[in-house]
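Quick look at work.txt (compact mmCIF, C-alpha atoms):
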# COMPACT_ATOMS: atom_id res chain seq x y z
CA MET A 124 -113.30 -197.83 -141.79
CA ARG A 125 -115.30 -200.82 -140.66
CA LEU A 126 -118.62 -201.48 -142.33
CA PRO A 127 -121.23 -204.07 -141.45
CA GLU A 128 -121.40 -206.85 -144.04
CA ALA A 129 -125.00 -205.84 -144.88
CA ASN A 130 -123.79 -202.38 -146.02
CA ARG A 131 -121.06 -203.62 -148.35
CA LEU A 132 -121.46 -203.81 -152.12
CA GLN A 133 -122.10 -207.46 -152.81
CA GLY A 134 -119.50 -208.94 -155.12
CA GLY A 135 -117.38 -205.80 -154.94
CA ASN A 136 -113.91 -206.69 -153.74
CA SER A 137 -111.72 -204.21 -155.60
CA PHE A 138 -111.66 -200.75 -157.11
CA ARG A 139 -112.11 -202.37 -160.52
CA ASP A 140 -115.52 -203.66 -159.43
CA THR A 141 -116.48 -200.22 -158.17
CA ALA A 142 -115.27 -198.58 -161.40
CA ARG A 143 -117.45 -200.98 -163.42
CA VAL A 144 -120.53 -199.86 -161.47
CA LEU A 145 -119.63 -196.19 -161.94
CA ARG A 146 -119.09 -196.66 -165.69
CA MET A 147 -122.54 -198.21 -166.15
CA THR A 148 -124.10 -195.45 -164.05
CA ARG A 149 -122.56 -192.82 -166.33
CA TYR A 150 -124.07 -194.52 -169.39
CA MET A 151 -127.51 -194.63 -167.78
CA VAL A 152 -127.38 -190.95 -166.79
CA GLY A 153 -126.33 -189.97 -170.31
CA TRP A 154 -129.13 -191.89 -171.98
CA ALA A 155 -131.71 -190.66 -169.46
CA SER A 156 -130.78 -187.02 -170.05
CA THR A 157 -130.94 -187.54 -173.83
CA GLY A 158 -134.43 -189.01 -173.49
CA ILE A 159 -135.58 -186.09 -171.35
CA GLN A 160 -134.20 -183.59 -173.87
CA MET A 161 -135.94 -185.37 -176.77
CA GLY A 162 -139.22 -185.32 -174.83
CA ALA A 163 -138.84 -181.60 -174.19
CA PHE A 164 -138.09 -180.98 -177.87
CA ARG A 165 -141.18 -182.90 -178.99
CA GLY A 166 -143.34 -181.07 -176.47
CA HIS A 167 -142.06 -177.66 -177.54
CA THR A 168 -142.54 -178.55 -181.21
CA GLU A 169 -146.17 -179.57 -180.64
CA VAL A 170 -146.98 -176.44 -178.65
CA ARG A 171 -145.42 -174.17 -181.25
CA GLN A 172 -147.43 -175.79 -184.03
CA GLU A 173 -150.70 -175.30 -182.13
CA ARG A 174 -150.14 -171.81 -180.70
CA LEU A 175 -151.17 -168.95 -182.99
CA GLN A 176 -149.68 -165.49 -183.38
CA PHE A 177 -151.01 -163.06 -185.99
CA GLY A 178 -153.27 -165.87 -187.21
CA LYS A 179 -150.36 -168.27 -187.95
CA PRO A 180 -148.73 -171.01 -185.89
CA ILE A 181 -145.67 -169.59 -184.13
CA ALA A 182 -143.66 -172.50 -185.55
CA SER A 183 -143.88 -170.77 -188.94
CA PHE A 184 -141.74 -167.85 -187.74
CA GLN A 185 -138.03 -167.92 -188.55
CA LEU A 186 -136.80 -167.09 -185.03
CA VAL A 187 -138.83 -169.93 -183.51
CA GLN A 188 -137.55 -172.31 -186.20
CA ASP A 189 -133.97 -171.24 -185.41
CA LEU A 190 -134.47 -171.86 -181.70
CA LEU A 191 -135.98 -175.29 -182.36
CA ALA A 192 -133.07 -176.15 -184.68
CA LYS A 193 -130.57 -175.16 -181.98
CA MET A 194 -132.48 -177.20 -179.41
CA LEU A 195 -132.40 -180.27 -181.67
CA ALA A 196 -128.71 -179.69 -182.41
CA ASN A 197 -127.96 -179.68 -178.68
CA VAL A 198 -129.72 -183.02 -178.30
CA THR A 199 -128.13 -184.71 -181.31
CA GLY A 200 -124.72 -183.08 -181.07
CA VAL A 201 -124.89 -181.76 -184.63
CA PRO A 202 -123.59 -178.20 -185.11
CA VAL A 203 -126.03 -175.69 -186.62
CA SER A 204 -124.76 -173.74 -189.61
CA HIS A 205 -125.47 -170.01 -189.55
CA GLY A 206 -124.55 -169.42 -193.21
CA ALA A 207 -126.42 -170.14 -196.40
CA ALA A 208 -125.81 -173.49 -198.07
CA GLY A 209 -122.65 -173.33 -200.12
CA ALA A 210 -121.52 -170.01 -198.59
CA ASP A 211 -118.06 -169.61 -197.14
CA GLY A 212 -117.74 -170.03 -193.36
Whole structure, structure tokens version:
Amino acid sequence: MRLPEANRLQGGNSFRDTARVLRMTRYMVGWASTGIQMGAFRGHTEVRQERLQFGKPIASFQLVQDLLAKMLANVTGVPVSHGAAGADG
């Protein structure tokens, strides 16, 4: 395929150069998605502390706390334990 010089990647003369660009792009996408997830977690946490149900913030309910813990675990990559501390499994 023939490309005009203006449409070519400047300084890219081999697949190695292209692979370097792709590698950096992957890093940027990973960090951007992590930042978006952290922002969503903070937003959800604030809303759940302000919103009331039965006269208490919904963040005080165990199910909501479990969901927030799972959300944070997905962001940080830390597995969430479903057993009591010190229990088998």
Original post:
Between atom CA of Arg165 of chain A and atom CA of Pro180 of chain A, what is the distance, to one decimal in Å?
Top reply: 15.7 Å
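The interatomic distance for the pair atom CA of Ser183 of chain A and atom CA of Thr157 of chain A works out to 26.0 Å.
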Subject >> For segment 143-156 of chain A: contacts at 12 Å, all atoms listed in the file, fewer than 3 positions along chain excluded, given as JSON, numbers by chain >> reply: {"A": [132, 133, 134, 135, 136, 137, 138, 139, 140, 159, 160, 161, 162, 163, 197, 198, 199]}
Go ahead and write the selection's residues with C-alpha atoms as a CSV table (one decimal), in the coordinates of the input.
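File selection_5.csv, as written:
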chain,number,residue,atom,x,y,z
A,132,LEU,CA,-121.5,-203.8,-152.1
A,133,GLN,CA,-122.1,-207.5,-152.8
A,134,GLY,CA,-119.5,-208.9,-155.1
A,135,GLY,CA,-117.4,-205.8,-154.9
A,136,ASN,CA,-113.9,-206.7,-153.7
A,137,SER,CA,-111.7,-204.2,-155.6
A,138,PHE,CA,-111.7,-200.8,-157.1
A,139,ARG,CA,-112.1,-202.4,-160.5
A,140,ASP,CA,-115.5,-203.7,-159.4
A,159,ILE,CA,-135.6,-186.1,-171.4
A,160,GLN,CA,-134.2,-183.6,-173.9
A,161,MET,CA,-135.9,-185.4,-176.8
A,162,GLY,CA,-139.2,-185.3,-174.8
A,163,ALA,CA,-138.8,-181.6,-174.2
A,197,ASN,CA,-128.0,-179.7,-178.7
A,198,VAL,CA,-129.7,-183.0,-178.3
A,199,THR,CA,-128.1,-184.7,-181.3
Subject >> Pick from A:Asn130, A:Gly178, A:Glu173, A:His167, whichever lies nearest to Leu191 of chain A using only C-alpha atoms >> reply: A:His167
**OP:** Tell me which protein, DNA and RNA residues are within 10 Å of Val187 of chain A, counting all atoms listed in the file, leaving out same-chain ones fewer than 6 positions away, and put them as a list in words.
**Re:** Thr168, Arg171, Ile181 and Lys193 of chain A
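Coordinates place atom CA of Phe164 of chain A at a distance of 20.1 Å from atom CA of Gln176 of chain A.
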Axis-aligned box for segment 145-153 of chain A, 8 Å per side, centre and edges in Å as AutoDock Vina command-line options:
--center_x -123.3 --center_y -194.1 --center_z -166.1 --size_x 24.4 --size_y 24.2 --size_z 24.4
Generate the missing atoms of segment 174-186 of chain A up to N, CA, C and O atoms and report them as a tab-separated table (two decimals), in the coordinates of the input.
chain	number	residue	atom	x	y	z
A	174	ARG	N	-149.97	-173.18	-181.18
A	174	ARG	CA	-150.14	-171.81	-180.70
A	174	ARG	C	-150.10	-170.83	-181.87
A	174	ARG	O	-149.22	-170.90	-182.72
A	175	LEU	N	-151.06	-169.90	-181.88
A	175	LEU	CA	-151.17	-168.95	-182.99
A	175	LEU	C	-150.70	-167.56	-182.58
A	175	LEU	O	-150.91	-167.13	-181.44
A	176	GLN	N	-150.07	-166.89	-183.52
A	176	GLN	CA	-149.68	-165.49	-183.38
A	176	GLN	C	-149.92	-164.83	-184.73
A	176	GLN	O	-149.42	-165.32	-185.74
A	177	PHE	N	-150.65	-163.75	-184.74
A	177	PHE	CA	-151.01	-163.06	-185.99
A	177	PHE	C	-151.73	-164.02	-186.95
A	177	PHE	O	-151.55	-163.95	-188.17
A	178	GLY	N	-152.49	-164.95	-186.40
A	178	GLY	CA	-153.27	-165.87	-187.21
A	178	GLY	C	-152.48	-167.04	-187.80
A	178	GLY	O	-153.01	-167.80	-188.60
A	179	LYS	N	-151.20	-167.17	-187.43
A	179	LYS	CA	-150.36	-168.27	-187.95
A	179	LYS	C	-149.73	-169.01	-186.77
A	179	LYS	O	-149.51	-168.41	-185.72
A	180	PRO	N	-149.44	-170.30	-186.95
A	180	PRO	CA	-148.73	-171.01	-185.89
A	180	PRO	C	-147.36	-170.37	-185.66
A	180	PRO	O	-146.68	-169.96	-186.61
A	181	ILE	N	-146.95	-170.25	-184.39
A	181	ILE	CA	-145.67	-169.59	-184.13
A	181	ILE	C	-144.49	-170.40	-184.67
A	181	ILE	O	-143.41	-169.87	-184.86
A	182	ALA	N	-144.72	-171.67	-184.96
A	182	ALA	CA	-143.66	-172.50	-185.55
A	182	ALA	C	-143.31	-172.04	-186.96
A	182	ALA	O	-142.25	-172.40	-187.48
A	183	SER	N	-144.16	-171.23	-187.57
A	183	SER	CA	-143.88	-170.77	-188.94
A	183	SER	C	-142.94	-169.56	-188.96
A	183	SER	O	-142.48	-169.16	-190.02
A	184	PHE	N	-142.62	-169.01	-187.80
A	184	PHE	CA	-141.74	-167.85	-187.74
A	184	PHE	C	-140.28	-168.29	-187.69
A	184	PHE	O	-139.92	-169.26	-187.02
A	185	GLN	N	-139.44	-167.54	-188.38
A	185	GLN	CA	-138.03	-167.92	-188.55
A	185	GLN	C	-137.28	-168.00	-187.22
A	185	GLN	O	-136.50	-168.92	-187.00
A	186	LEU	N	-137.51	-167.07	-186.31
A	186	LEU	CA	-136.80	-167.09	-185.03
A	186	LEU	C	-137.14	-168.34	-184.23
A	186	LEU	O	-136.26	-168.98	-183.65
